[in-house]
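As stored in start_17.csv (CSV, C-alpha atoms):
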chain,number,residue,atom,x,y,z
A,1,MET,CA,-100.6,-4.6,40.6
A,2,ARG,CA,-101.7,-6.2,43.8
A,3,ALA,CA,-102.0,-9.6,42.1
A,4,ARG,CA,-98.5,-9.3,40.8
A,5,ILE,CA,-97.2,-8.6,44.2
A,6,LEU,CA,-99.0,-11.6,45.6
A,7,LEU,CA,-97.6,-13.8,42.8
A,8,LEU,CA,-94.1,-12.5,43.4
A,9,ALA,CA,-94.5,-13.1,47.2
A,10,ALA,CA,-95.7,-16.7,46.4
A,11,ILE,CA,-92.7,-17.4,44.1
A,12,VAL,CA,-90.3,-16.0,46.8
A,13,ALA,CA,-92.0,-18.2,49.4
A,14,LEU,CA,-91.7,-21.2,47.2
A,15,MET,CA,-88.1,-20.5,46.4
A,16,GLY,CA,-87.4,-20.2,50.1
A,17,ALA,CA,-89.2,-23.5,50.8
A,18,ALA,CA,-87.6,-25.4,47.9
A,19,PRO,CA,-84.2,-26.0,49.6
A,20,ALA,CA,-86.1,-27.3,52.7
A,21,LEU,CA,-88.1,-29.7,50.6
A,22,ALA,CA,-85.0,-30.8,48.8
A,23,ASP,CA,-83.3,-31.4,52.1
A,24,VAL,CA,-86.2,-33.5,53.3
A,25,ARG,CA,-86.2,-35.6,50.1
A,26,SER,CA,-82.4,-36.1,50.1
A,27,GLU,CA,-82.5,-37.2,53.8
A,28,ALA,CA,-85.3,-39.7,53.0
A,29,ARG,CA,-83.4,-40.8,49.9
A,30,ALA,CA,-80.3,-41.5,52.0
A,31,GLN,CA,-82.4,-43.8,54.2
A,32,VAL,CA,-83.9,-45.5,51.2
A,33,GLU,CA,-80.5,-46.1,49.6
A,34,PHE,CA,-79.1,-47.5,52.9
A,35,GLY,CA,-82.2,-49.7,53.1
A,36,ILE,CA,-81.6,-51.1,49.6
A,37,ALA,CA,-77.9,-51.8,50.4
A,38,VAL,CA,-78.8,-53.8,53.5
A,39,ALA,CA,-81.8,-55.6,51.9
A,40,GLN,CA,-79.5,-56.8,49.1
A,41,ARG,CA,-77.4,-58.4,51.9
A,42,GLY,CA,-80.6,-60.1,53.4
A,43,LEU,CA,-80.9,-57.7,56.4
A,44,TRP,CA,-84.6,-57.1,55.9
A,45,LYS,CA,-85.4,-55.9,59.4
A,46,GLU,CA,-82.8,-53.2,59.2
A,47,ALA,CA,-84.1,-52.3,55.7
A,48,LEU,CA,-87.6,-52.1,57.0
A,49,TYR,CA,-86.5,-49.7,59.7
A,50,ARG,CA,-84.7,-47.5,57.2
A,51,TRP,CA,-87.7,-47.3,54.8
A,52,GLU,CA,-90.1,-46.6,57.7
A,53,ARG,CA,-87.8,-43.7,58.6
A,54,ALA,CA,-87.8,-42.5,55.0
A,55,THR,CA,-91.6,-42.4,54.9
A,56,GLU,CA,-91.7,-40.5,58.2
A,57,ILE,CA,-89.2,-38.0,56.9
A,58,ASP,CA,-91.0,-37.6,53.5
A,59,PRO,CA,-94.5,-39.0,53.5
A,60,THR,CA,-94.8,-38.2,49.8
A,61,TYR,CA,-91.9,-40.5,48.8
A,62,ALA,CA,-93.6,-43.3,46.7
A,63,ALA,CA,-90.4,-45.4,46.3
A,64,ALA,CA,-90.0,-45.6,50.1
A,65,TYR,CA,-93.5,-47.0,50.5
A,66,ASN,CA,-92.9,-49.4,47.6
A,67,ASN,CA,-89.7,-50.7,49.3
A,68,LEU,CA,-91.4,-50.8,52.7
A,69,ALA,CA,-94.2,-53.0,51.1
A,70,VAL,CA,-91.6,-55.4,49.7
A,71,ALA,CA,-89.9,-55.7,53.2
A,72,TYR,CA,-93.3,-56.4,54.8
A,73,GLU,CA,-93.9,-59.1,52.2
A,74,GLN,CA,-90.5,-60.7,52.9
A,75,LEU,CA,-91.3,-60.7,56.6
A,76,GLY,CA,-94.8,-62.1,56.1
A,77,ASP,CA,-96.9,-59.1,57.2
A,78,PHE,CA,-99.4,-59.1,54.4
A,79,GLU,CA,-101.8,-56.4,55.8
A,80,LYS,CA,-99.0,-53.8,56.2
A,81,ALA,CA,-97.6,-54.8,52.8
A,82,ARG,CA,-100.9,-54.1,51.1
A,83,SER,CA,-101.4,-50.8,52.9
A,84,ALA,CA,-97.8,-49.7,51.9
A,85,TYR,CA,-98.4,-50.7,48.3
A,86,GLU,CA,-101.7,-48.8,48.2
A,87,LYS,CA,-100.1,-45.7,49.7
A,88,ALA,CA,-97.3,-45.9,47.1
A,89,LEU,CA,-99.8,-46.1,44.3
A,90,GLU,CA,-101.9,-43.3,45.8
A,91,ILE,CA,-98.8,-41.1,45.5
A,92,GLU,CA,-97.8,-42.4,42.1
A,93,PRO,CA,-100.7,-44.1,40.4
A,94,ASN,CA,-99.0,-44.4,37.1
A,95,ASN,CA,-95.8,-46.0,38.3
A,96,LEU,CA,-95.7,-49.3,36.5
A,97,THR,CA,-92.9,-50.8,38.7
A,98,ILE,CA,-95.0,-50.3,41.9
A,99,ARG,CA,-98.1,-51.7,40.0
A,100,GLN,CA,-96.1,-54.8,38.9
A,101,ASN,CA,-94.9,-55.4,42.5
A,102,TYR,CA,-98.4,-55.0,43.8
A,103,ASP,CA,-99.9,-57.4,41.3
A,104,LEU,CA,-97.3,-60.1,42.2
A,105,PHE,CA,-98.1,-59.5,45.9
A,106,LYS,CA,-101.8,-59.8,45.3
A,107,GLU,CA,-101.3,-63.1,43.6
A,108,ILE,CA,-99.7,-64.5,46.7
A,109,ASN,CA,-102.1,-62.8,49.1
A,110,ASP,CA,-105.1,-64.1,47.2
A,111,ARG,CA,-103.7,-67.6,47.3
A,112,LYS,CA,-103.3,-67.3,51.1
A,113,ILE,CA,-106.8,-66.0,51.5
A,114,ARG,CA,-108.3,-68.8,49.3
A,115,GLY,CA,-106.4,-71.3,51.4
A,116,SER,CA,-107.7,-69.9,54.8
A,117,ASP,CA,-111.3,-69.7,53.5
A,118,ARG,CA,-111.5,-73.4,52.8
B,1,MET,CA,-50.9,-39.5,33.1
B,2,THR,CA,-50.7,-42.1,30.3
B,3,ALA,CA,-53.6,-42.7,27.9
B,4,ARG,CA,-54.2,-46.1,29.6
B,5,SER,CA,-54.6,-44.7,33.1
B,6,GLY,CA,-56.9,-42.0,31.6
B,7,VAL,CA,-59.2,-44.7,30.2
B,8,LEU,CA,-59.1,-46.6,33.5
B,9,ILE,CA,-60.2,-43.5,35.5
B,10,VAL,CA,-62.9,-42.7,33.0
B,11,SER,CA,-64.3,-46.2,33.1
B,12,VAL,CA,-64.2,-46.3,36.9
B,13,LEU,CA,-66.0,-43.0,36.9
B,14,ALA,CA,-68.5,-44.2,34.4
B,15,GLY,CA,-69.2,-47.3,36.5
B,16,PHE,CA,-69.7,-45.2,39.6
B,17,LEU,CA,-72.0,-42.9,37.8
B,18,ALA,CA,-74.0,-45.8,36.4
B,19,THR,CA,-74.4,-47.2,39.9
B,20,ALA,CA,-75.4,-43.9,41.3
B,21,CYS,CA,-78.0,-43.3,38.6
B,22,THR,CA,-79.5,-46.8,38.8
B,23,SER,CA,-82.9,-46.5,40.5
B,24,PHE,CA,-84.2,-50.0,40.0
B,25,TYR,CA,-82.9,-53.0,42.0
B,26,GLU,CA,-84.3,-56.4,41.5
B,27,VAL,CA,-84.1,-58.5,44.7
B,28,PRO,CA,-85.1,-62.1,45.4
B,29,ILE,CA,-87.7,-62.4,48.2
B,30,GLU,CA,-89.2,-65.4,50.0
B,31,THR,CA,-92.6,-64.8,51.3
B,32,PRO,CA,-93.5,-66.9,54.3
B,33,ILE,CA,-97.1,-68.3,54.3
B,34,GLN,CA,-98.1,-69.5,57.7
B,35,PRO,CA,-99.7,-73.0,58.1
B,36,LYS,CA,-103.5,-73.1,58.0
B,37,LEU,CA,-103.6,-75.5,60.9
B,38,ASP,CA,-101.8,-75.2,64.2
B,39,VAL,CA,-100.0,-78.5,64.5
B,40,THR,CA,-97.7,-77.6,67.3
B,41,ASN,CA,-99.4,-80.1,69.6
B,42,TYR,CA,-98.5,-83.0,67.3
B,43,SER,CA,-95.2,-84.6,66.6
B,44,ARG,CA,-96.5,-87.4,64.4
B,45,VAL,CA,-98.9,-87.7,61.5
B,46,LEU,CA,-100.8,-90.7,60.3
B,47,ILE,CA,-101.9,-90.7,56.6
B,48,ALA,CA,-104.6,-93.3,57.3
B,49,GLY,CA,-106.3,-93.9,54.0
B,50,PHE,CA,-109.0,-92.5,51.8
B,51,VAL,CA,-112.4,-93.4,50.4
B,52,ALA,CA,-111.5,-93.3,46.8
B,53,GLY,CA,-113.1,-94.1,43.5
B,54,GLY,CA,-113.9,-93.0,40.0
B,55,SER,CA,-111.4,-94.9,37.9
B,56,ASP,CA,-110.4,-98.5,37.8
B,57,GLU,CA,-107.0,-97.7,36.3
B,58,VAL,CA,-105.6,-96.0,39.5
B,59,ASP,CA,-106.0,-97.0,43.1
B,60,ALA,CA,-106.3,-93.4,44.3
B,61,ASN,CA,-106.3,-94.6,48.0
B,62,ILE,CA,-102.9,-96.3,47.8
B,63,GLU,CA,-101.4,-93.7,45.5
B,64,THR,CA,-102.5,-90.8,47.6
B,65,VAL,CA,-101.3,-92.3,50.8
B,66,ARG,CA,-97.9,-93.0,49.3
B,67,LEU,CA,-97.6,-89.6,47.7
B,68,LEU,CA,-98.6,-87.6,50.8
B,69,ARG,CA,-96.4,-89.7,53.1
B,70,SER,CA,-93.4,-89.1,50.9
B,71,GLN,CA,-94.1,-85.3,50.6
B,72,LEU,CA,-94.6,-84.9,54.4
B,73,ARG,CA,-91.4,-86.8,55.1
B,74,SER,CA,-89.4,-84.3,53.2
B,75,LYS,CA,-91.4,-81.1,53.6
B,76,SER,CA,-92.8,-81.1,57.1
B,77,ASP,CA,-91.4,-81.4,60.6
B,78,LEU,CA,-94.0,-84.0,61.6
B,79,ARG,CA,-92.8,-87.6,61.8
B,80,VAL,CA,-94.8,-89.8,59.3
B,81,ILE,CA,-96.1,-93.0,60.7
B,82,GLU,CA,-95.6,-96.0,58.5
B,83,ALA,CA,-98.7,-98.2,58.7
B,84,ASP,CA,-100.9,-100.3,56.5
B,85,VAL,CA,-103.2,-98.2,54.3
B,86,LEU,CA,-106.8,-98.4,55.7
B,87,PRO,CA,-109.4,-100.0,53.3
B,88,LEU,CA,-111.7,-97.1,54.2
B,89,ILE,CA,-114.5,-98.1,51.8
B,90,GLU,CA,-114.9,-101.5,53.5
B,91,ILE,CA,-114.6,-100.0,56.9
B,92,ALA,CA,-117.4,-97.5,56.1
B,93,GLN,CA,-119.6,-100.2,54.6
B,94,GLU,CA,-119.1,-102.3,57.7
B,95,GLN,CA,-119.9,-99.4,60.0
B,96,ALA,CA,-123.0,-98.6,57.9
B,97,ARG,CA,-124.1,-102.3,58.1
B,98,GLU,CA,-123.7,-102.3,61.9
B,99,ALA,CA,-125.7,-99.0,62.2
B,100,ALA,CA,-128.5,-100.3,60.0
B,101,ALA,CA,-128.4,-103.8,61.5
B,102,ASP,CA,-129.2,-104.9,57.9
B,103,SER,CA,-126.4,-107.0,56.4
B,104,GLU,CA,-128.0,-106.9,52.9
B,105,ASN,CA,-128.4,-103.2,52.6
B,106,PRO,CA,-125.8,-101.0,54.1
B,107,GLY,CA,-127.0,-97.9,52.2
B,108,LEU,CA,-123.7,-97.2,50.6
B,109,PRO,CA,-123.0,-97.5,46.8
B,110,ASP,CA,-120.7,-100.4,46.0
B,111,LYS,CA,-119.0,-98.6,43.2
B,112,ILE,CA,-117.9,-95.0,43.5
B,113,GLY,CA,-118.3,-93.1,40.3
B,114,SER,CA,-119.4,-89.6,41.3
B,115,GLU,CA,-119.2,-87.0,44.0
B,116,ASN,CA,-122.7,-88.0,45.2
B,117,ASP,CA,-121.4,-91.6,45.8
B,118,LEU,CA,-118.6,-90.2,47.8
B,119,GLU,CA,-120.8,-88.0,49.9
B,120,ALA,CA,-122.7,-91.0,51.2
B,121,TYR,CA,-119.4,-92.3,52.6
B,122,GLU,CA,-118.6,-89.2,54.5
B,123,ARG,CA,-120.5,-90.5,57.6
B,124,VAL,CA,-117.4,-92.5,58.4
B,125,PHE,CA,-115.5,-89.3,59.3
B,126,ALA,CA,-118.2,-88.4,61.9
B,127,ASN,CA,-117.6,-91.6,63.8
B,128,VAL,CA,-115.5,-90.0,66.5
B,129,ASP,CA,-115.1,-93.3,68.5
B,130,TYR,CA,-113.5,-95.0,65.5
B,131,TRP,CA,-111.0,-92.3,64.9
B,132,LYS,CA,-110.2,-91.9,68.6
B,133,ARG,CA,-109.6,-95.7,68.8
B,134,LEU,CA,-107.3,-95.4,65.8
B,135,GLY,CA,-105.5,-92.5,67.4
B,136,GLU,CA,-104.9,-94.5,70.6
B,137,GLU,CA,-103.5,-97.3,68.6
B,138,TYR,CA,-100.8,-94.9,67.1
B,139,GLN,CA,-100.2,-92.8,70.2
B,140,ASN,CA,-102.5,-89.8,69.4
B,141,PRO,CA,-101.1,-88.5,66.1
B,142,LEU,CA,-102.7,-86.1,63.7
B,143,ILE,CA,-104.8,-88.2,61.3
B,144,VAL,CA,-105.1,-87.3,57.7
B,145,THR,CA,-107.9,-89.0,55.7
B,146,GLY,CA,-110.7,-88.0,53.4
B,147,THR,CA,-112.2,-88.8,50.0
B,148,ILE,CA,-110.7,-88.8,46.6
B,149,LEU,CA,-112.5,-88.8,43.3
B,150,PHE,CA,-110.3,-89.4,40.3
B,151,ALA,CA,-112.6,-89.9,37.3
B,152,PRO,CA,-112.4,-89.9,33.5
B,153,HIS,CA,-113.9,-86.8,32.0
B,154,GLN,CA,-114.6,-85.6,28.5
B,155,ARG,CA,-115.7,-82.4,27.0
B,156,SER,CA,-116.3,-81.2,23.4
B,157,GLY,CA,-116.6,-77.6,22.1
B,158,PHE,CA,-114.7,-74.8,20.5
B,159,VAL,CA,-111.2,-74.1,21.7
B,160,THR,CA,-108.7,-71.4,20.7
B,161,ARG,CA,-105.4,-72.8,19.5
B,162,GLU,CA,-102.3,-71.2,18.1
B,163,ARG,CA,-101.5,-72.0,14.5
B,164,GLU,CA,-98.2,-71.3,12.8
B,165,VAL,CA,-98.3,-69.6,9.4
B,166,TYR,CA,-95.8,-67.8,7.2
B,167,ASP,CA,-96.5,-64.1,6.5
B,168,GLN,CA,-95.8,-62.3,3.2
B,169,PHE,CA,-92.1,-61.8,4.2
B,170,GLY,CA,-91.6,-65.5,4.9
B,171,ARG,CA,-91.5,-65.0,8.7
B,172,ARG,CA,-93.1,-67.6,10.9
B,173,VAL,CA,-96.0,-66.2,13.0
B,174,THR,CA,-98.7,-67.6,15.1
B,175,GLN,CA,-102.4,-67.0,14.7
B,176,PRO,CA,-105.2,-67.9,17.1
B,177,VAL,CA,-107.7,-70.3,15.4
B,178,ARG,CA,-111.0,-71.5,16.9
B,179,THR,CA,-111.6,-75.2,16.3
B,180,TYR,CA,-114.1,-77.7,17.4
B,181,MET,CA,-112.5,-80.4,19.5
B,182,GLU,CA,-113.3,-83.5,21.4
B,183,ARG,CA,-111.1,-83.7,24.5
B,184,LYS,CA,-110.8,-86.2,27.2
B,185,GLY,CA,-108.9,-86.3,30.5
B,186,PHE,CA,-109.5,-86.6,34.2
B,187,ILE,CA,-111.0,-84.8,37.2
B,188,LEU,CA,-109.4,-85.0,40.6
B,189,ARG,CA,-111.5,-83.9,43.5
B,190,PRO,CA,-109.9,-84.7,46.9
B,191,LYS,CA,-111.3,-83.7,50.2
B,192,PHE,CA,-108.7,-83.9,52.9
B,193,MET,CA,-109.9,-84.3,56.5
B,194,PHE,CA,-107.6,-83.6,59.4
B,195,ILE,CA,-108.6,-85.4,62.6
B,196,ASP,CA,-107.3,-85.1,66.1
B,197,GLY,CA,-106.1,-88.6,67.1
B,198,ARG,CA,-106.7,-87.8,70.8
B,199,THR,CA,-110.4,-86.9,70.5
B,200,GLY,CA,-111.4,-88.3,67.1
B,201,ALA,CA,-112.9,-84.9,66.2
B,202,THR,CA,-112.4,-83.3,62.8
B,203,LEU,CA,-110.1,-80.2,63.1
B,204,TYR,CA,-110.2,-79.0,59.5
B,205,SER,CA,-111.2,-80.1,56.1
B,206,GLU,CA,-110.2,-78.8,52.7
B,207,THR,CA,-111.6,-79.6,49.2
B,208,PHE,CA,-109.8,-79.2,45.9
B,209,ARG,CA,-110.9,-79.7,42.3
B,210,GLU,CA,-108.5,-80.0,39.4
B,211,GLU,CA,-109.0,-81.2,35.9
B,212,VAL,CA,-106.9,-81.9,32.9
B,213,LEU,CA,-108.0,-82.4,29.3
B,214,TYR,CA,-106.1,-83.7,26.3
B,215,ASN,CA,-106.7,-84.1,22.6
B,216,ALA,CA,-109.0,-87.1,22.2
B,217,GLN,CA,-106.4,-88.9,20.1
B,218,GLN,CA,-103.7,-88.5,22.8
B,219,ASN,CA,-103.3,-91.5,25.0
B,220,THR,CA,-102.1,-90.3,28.4
B,221,PRO,CA,-101.8,-93.0,31.1
B,222,ALA,CA,-104.3,-92.4,34.0
B,223,LEU,CA,-101.5,-92.6,36.6
B,224,SER,CA,-99.5,-89.9,34.9
B,225,SER,CA,-102.6,-87.6,34.8
B,226,TYR,CA,-103.2,-88.4,38.5
B,227,PHE,CA,-99.7,-87.2,39.4
B,228,GLU,CA,-100.0,-84.2,37.2
B,229,LEU,CA,-103.2,-83.1,39.0
B,230,MET,CA,-101.8,-83.9,42.5
B,231,ASP,CA,-98.7,-81.8,41.7
B,232,ARG,CA,-101.0,-78.8,41.3
B,233,LEU,CA,-102.6,-79.0,44.7
B,234,LEU,CA,-99.7,-80.4,46.8
B,235,PRO,CA,-98.3,-77.0,47.8
B,236,ASN,CA,-101.7,-76.0,49.2
B,237,PHE,CA,-102.1,-79.3,51.0
B,238,LEU,CA,-98.6,-79.0,52.5
B,239,ASN,CA,-99.4,-75.4,53.6
B,240,THR,CA,-102.1,-76.8,55.8
B,241,LEU,CA,-99.5,-78.4,58.0
B,242,SER,CA,-96.3,-76.5,57.6
B,243,ALA,CA,-95.2,-73.0,56.7
B,244,GLN,CA,-94.3,-72.6,53.1
B,245,LYS,CA,-92.0,-70.0,51.4
B,246,ILE,CA,-92.9,-68.6,48.0
B,247,ARG,CA,-89.9,-67.5,46.1
B,248,GLY,CA,-90.2,-64.5,43.8
B,249,THR,CA,-88.5,-61.2,42.9
B,250,ARG,CA,-89.5,-57.6,43.5
B,251,ILE,CA,-88.2,-54.3,42.3
B,252,LEU,CA,-86.8,-51.8,44.9
B,253,LEU,CA,-86.9,-48.1,43.9
B,254,LYS,CA,-84.7,-45.2,44.9

Take the structure in this file and express it as structure tokens.
Amino acid sequence: MRARILLLAAIVALMGAAPALADVRSEARAQVEFGIAVAQRGLWKEALYRWERATEIDPTYAAAYNNLAVAYEQLGDFEKARSAYEKALEIEPNNLTIRQNYDLFKEINDRKIRGSDR
Amino acid sequence: MTARSGVLIVSVLAGFLATACTSFYEVPIETPIQPKLDVTNYSRVLIAGFVAGGSDEVDANIETVRLLRSQLRSKSDLRVIEADVLPLIEIAQEQAREAAADSENPGLPDKIGSENDLEAYERVFANVDYWKRLGEEYQNPLIVTGTILFAPHQRSGFVTREREVYDQFGRRVTQPVRTYMERKGFILRPKFMFIDGRTGATLYSETFREEVLYNAQQNTPALSSYFELMDRLLPNFLNTLSAQKIRGTRILLK
């Protein structure tokens, strides 16, 4: 009986929290969408700001980290790009799109490292 | 509301929904790669000449100087100095003779056929006074020099090739087949040295190695192989002196 009450309480708590979680995601999503719109117009610094905001609002949003990594790549900040890609893959390890972006990034980054090692 | 306006509204709505539901956006990006060498103190570059050898069919010294000058003219902010190409082998032999005070035995191989032969010539790059004098002559530019080995090369062994066959339905398909082949081609091994024309000191050096192999029956001119191999390493050479942008695409997610 007690277990049932606890389960019920947990469900109620989750149901109460769900709208809050949804709000967080939709707020982050709005930032991500705005970032995409400005990136498509070449405004990468603004896009970067939006995607940074999105990851602050929802630190579990893999797409925001993926986009953030792309923006860092475009702006030449390889260390931050790597760390953003790795964070995105940590959240969604099976996301093939993020994996593909990361592989392309690594190709360029490895070339840069090979160059500076010589 | 007519049937036509109904169709229009539905198609606009469908378009809007499709846009709203799309979660992949392919965008072009240009990744900037910073130059490996800080050349902000130089406004001019002298591609002086190279100790080159390996093949009699191509004068790798002349060809490399011409190619690098033309590339730097269009892809770098540095002004390229037009000057006679240095016969660096003769200069190195002369310097070695003077150092040894023995006109008969300068200690350098007359013919360059291997990497070891080239290494013996590398002493010329350590002659700071010589490069400083050359720098003064051209008002202290950045000097690019080095060694180039462009040598014929052959290799035999098993290689995997694609063979086209027709399957039971008459469709053309390719199958991997391992065959023994004799192949010949060329090796290009340049070592680029970047020397400060004010001090004569070496700032940076970079070595590359590329090779190309063709079917033994194929007759590819040596000069075309030389350009094919140089094409592969030019972006890396240019990236030493100027920022390069690598174009690509990435997928943005929603």

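In this comparison, which uses all atoms listed in the file, the residue of A:Ile91, A:Ile57, A:Ala84, A:Tyr102 approaching chain B most closely is A:Tyr102.
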
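Within 8 Å of chain B, counting only C-alpha atoms, chain A contributes Arg29, Val32, Glu33, Ile36, Gln40, Ala63, Ala64, Asn66, Asn67, Val70, Glu73, Gln74, Leu75, Gly76, Thr97, Ile98, Asn101, Lys112, Gly115, Ser116 and Arg118 of chain A.
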
Write the residues of the preceding selection, restricted to C-alpha atoms, as a compact mmCIF listing (two decimals), in the frame of the given file.
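Output contents, as saved in selection.txt:
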# COMPACT_ATOMS: atom_id res chain seq x y z
CA ARG A 29 -83.40 -40.80 49.90
CA VAL A 32 -83.90 -45.50 51.20
CA GLU A 33 -80.50 -46.10 49.60
CA ILE A 36 -81.60 -51.10 49.60
CA GLN A 40 -79.50 -56.80 49.10
CA ALA A 63 -90.40 -45.40 46.30
CA ALA A 64 -90.00 -45.60 50.10
CA ASN A 66 -92.90 -49.40 47.60
CA ASN A 67 -89.70 -50.70 49.30
CA VAL A 70 -91.60 -55.40 49.70
CA GLU A 73 -93.90 -59.10 52.20
CA GLN A 74 -90.50 -60.70 52.90
CA LEU A 75 -91.30 -60.70 56.60
CA GLY A 76 -94.80 -62.10 56.10
CA THR A 97 -92.90 -50.80 38.70
CA ILE A 98 -95.00 -50.30 41.90
CA ASN A 101 -94.90 -55.40 42.50
CA LYS A 112 -103.30 -67.30 51.10
CA GLY A 115 -106.40 -71.30 51.40
CA SER A 116 -107.70 -69.90 54.80
CA ARG A 118 -111.50 -73.40 52.80

Protein, DNA and RNA residues within 12 Å of (-115.5, -103.2, 55.5), only C-alpha atoms, as a ChimeraX atom specification: /B:51,86-98,103,106,108,110,121,124

Counting only C-alpha atoms, the option among B:Tyr180, B:Phe227, B:Tyr166, B:Tyr42 closest to Leu142 in chain B: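 The closest residue to Leu142 in chain B is B:Tyr42.
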
Nearby residues, (-88.8, -47.2, 55.7) file frame, 8 Å, all atoms listed in the file, as an MDAnalysis selection string: chainID A and resid 31:32 35 47:56 64:65 67:68

Just-selected residues, C-alpha atoms written as a PDB file, in the coordinates of the input:
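Saved result, again-v9.pdb, follows:
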ATOM      1  CA  GLN A  31     -82.400 -43.800  54.200  1.00  0.00           C
ATOM      2  CA  VAL A  32     -83.900 -45.500  51.200  1.00  0.00           C
ATOM      3  CA  GLY A  35     -82.200 -49.700  53.100  1.00  0.00           C
ATOM      4  CA  ALA A  47     -84.100 -52.300  55.700  1.00  0.00           C
ATOM      5  CA  LEU A  48     -87.600 -52.100  57.000  1.00  0.00           C
ATOM      6  CA  TYR A  49     -86.500 -49.700  59.700  1.00  0.00           C
ATOM      7  CA  ARG A  50     -84.700 -47.500  57.200  1.00  0.00           C
ATOM      8  CA  TRP A  51     -87.700 -47.300  54.800  1.00  0.00           C
ATOM      9  CA  GLU A  52     -90.100 -46.600  57.700  1.00  0.00           C
ATOM     10  CA  ARG A  53     -87.800 -43.700  58.600  1.00  0.00           C
ATOM     11  CA  ALA A  54     -87.800 -42.500  55.000  1.00  0.00           C
ATOM     12  CA  THR A  55     -91.600 -42.400  54.900  1.00  0.00           C
ATOM     13  CA  GLU A  56     -91.700 -40.500  58.200  1.00  0.00           C
ATOM     14  CA  ALA A  64     -90.000 -45.600  50.100  1.00  0.00           C
ATOM     15  CA  TYR A  65     -93.500 -47.000  50.500  1.00  0.00           C
ATOM     16  CA  ASN A  67     -89.700 -50.700  49.300  1.00  0.00           C
ATOM     17  CA  LEU A  68     -91.400 -50.800  52.700  1.00  0.00           C
TER      18      LEU A  68
END

Between CA of Thr40 in chain B and CA of Gln71 in chain B, distance in Å (one decimal):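 Calculated distance between CA of Thr40 in chain B and CA of Gln71 in chain B is 18.7 Å.
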
All residues 12 Å or closer to Ser224 in chain B, all atoms listed in the file, same chain fewer than 2 positions away omitted, as a list in words: Glu57, Val58, Glu63, Gly185, Phe186, Val212, Asn219, Thr220, Pro221, Ala222, Tyr226, Phe227, Glu228, Leu229, Met230 and Asp231 of chain B

Just write range 171-185 of chain B with C-alpha atoms, as a PDB file, in the first residue's frame, taken from the block above.
ATOM      1  CA  ARG B 171      23.334  -6.211 -64.564  1.00  0.00           C
ATOM      2  CA  ARG B 172      26.789  -4.697 -64.557  1.00  0.00           C
ATOM      3  CA  VAL B 173      28.444  -4.986 -61.140  1.00  0.00           C
ATOM      4  CA  THR B 174      31.957  -4.421 -59.862  1.00  0.00           C
ATOM      5  CA  GLN B 175      33.968  -6.970 -57.932  1.00  0.00           C
ATOM      6  CA  PRO B 176      37.250  -6.471 -56.083  1.00  0.00           C
ATOM      7  CA  VAL B 177      40.051  -8.556 -57.586  1.00  0.00           C
ATOM      8  CA  ARG B 178      43.576  -8.911 -56.227  1.00  0.00           C
ATOM      9  CA  THR B 179      46.209  -8.936 -58.942  1.00  0.00           C
ATOM     10  CA  TYR B 180      49.986  -8.837 -59.033  1.00  0.00           C
ATOM     11  CA  MET B 181      51.168  -5.602 -60.626  1.00  0.00           C
ATOM     12  CA  GLU B 182      54.351  -3.835 -61.459  1.00  0.00           C
ATOM     13  CA  ARG B 183      53.862  -0.125 -61.022  1.00  0.00           C
ATOM     14  CA  LYS B 184      56.086   2.846 -61.564  1.00  0.00           C
ATOM     15  CA  GLY B 185      55.823   6.491 -60.730  1.00  0.00           C
TER      16      GLY B 185
END
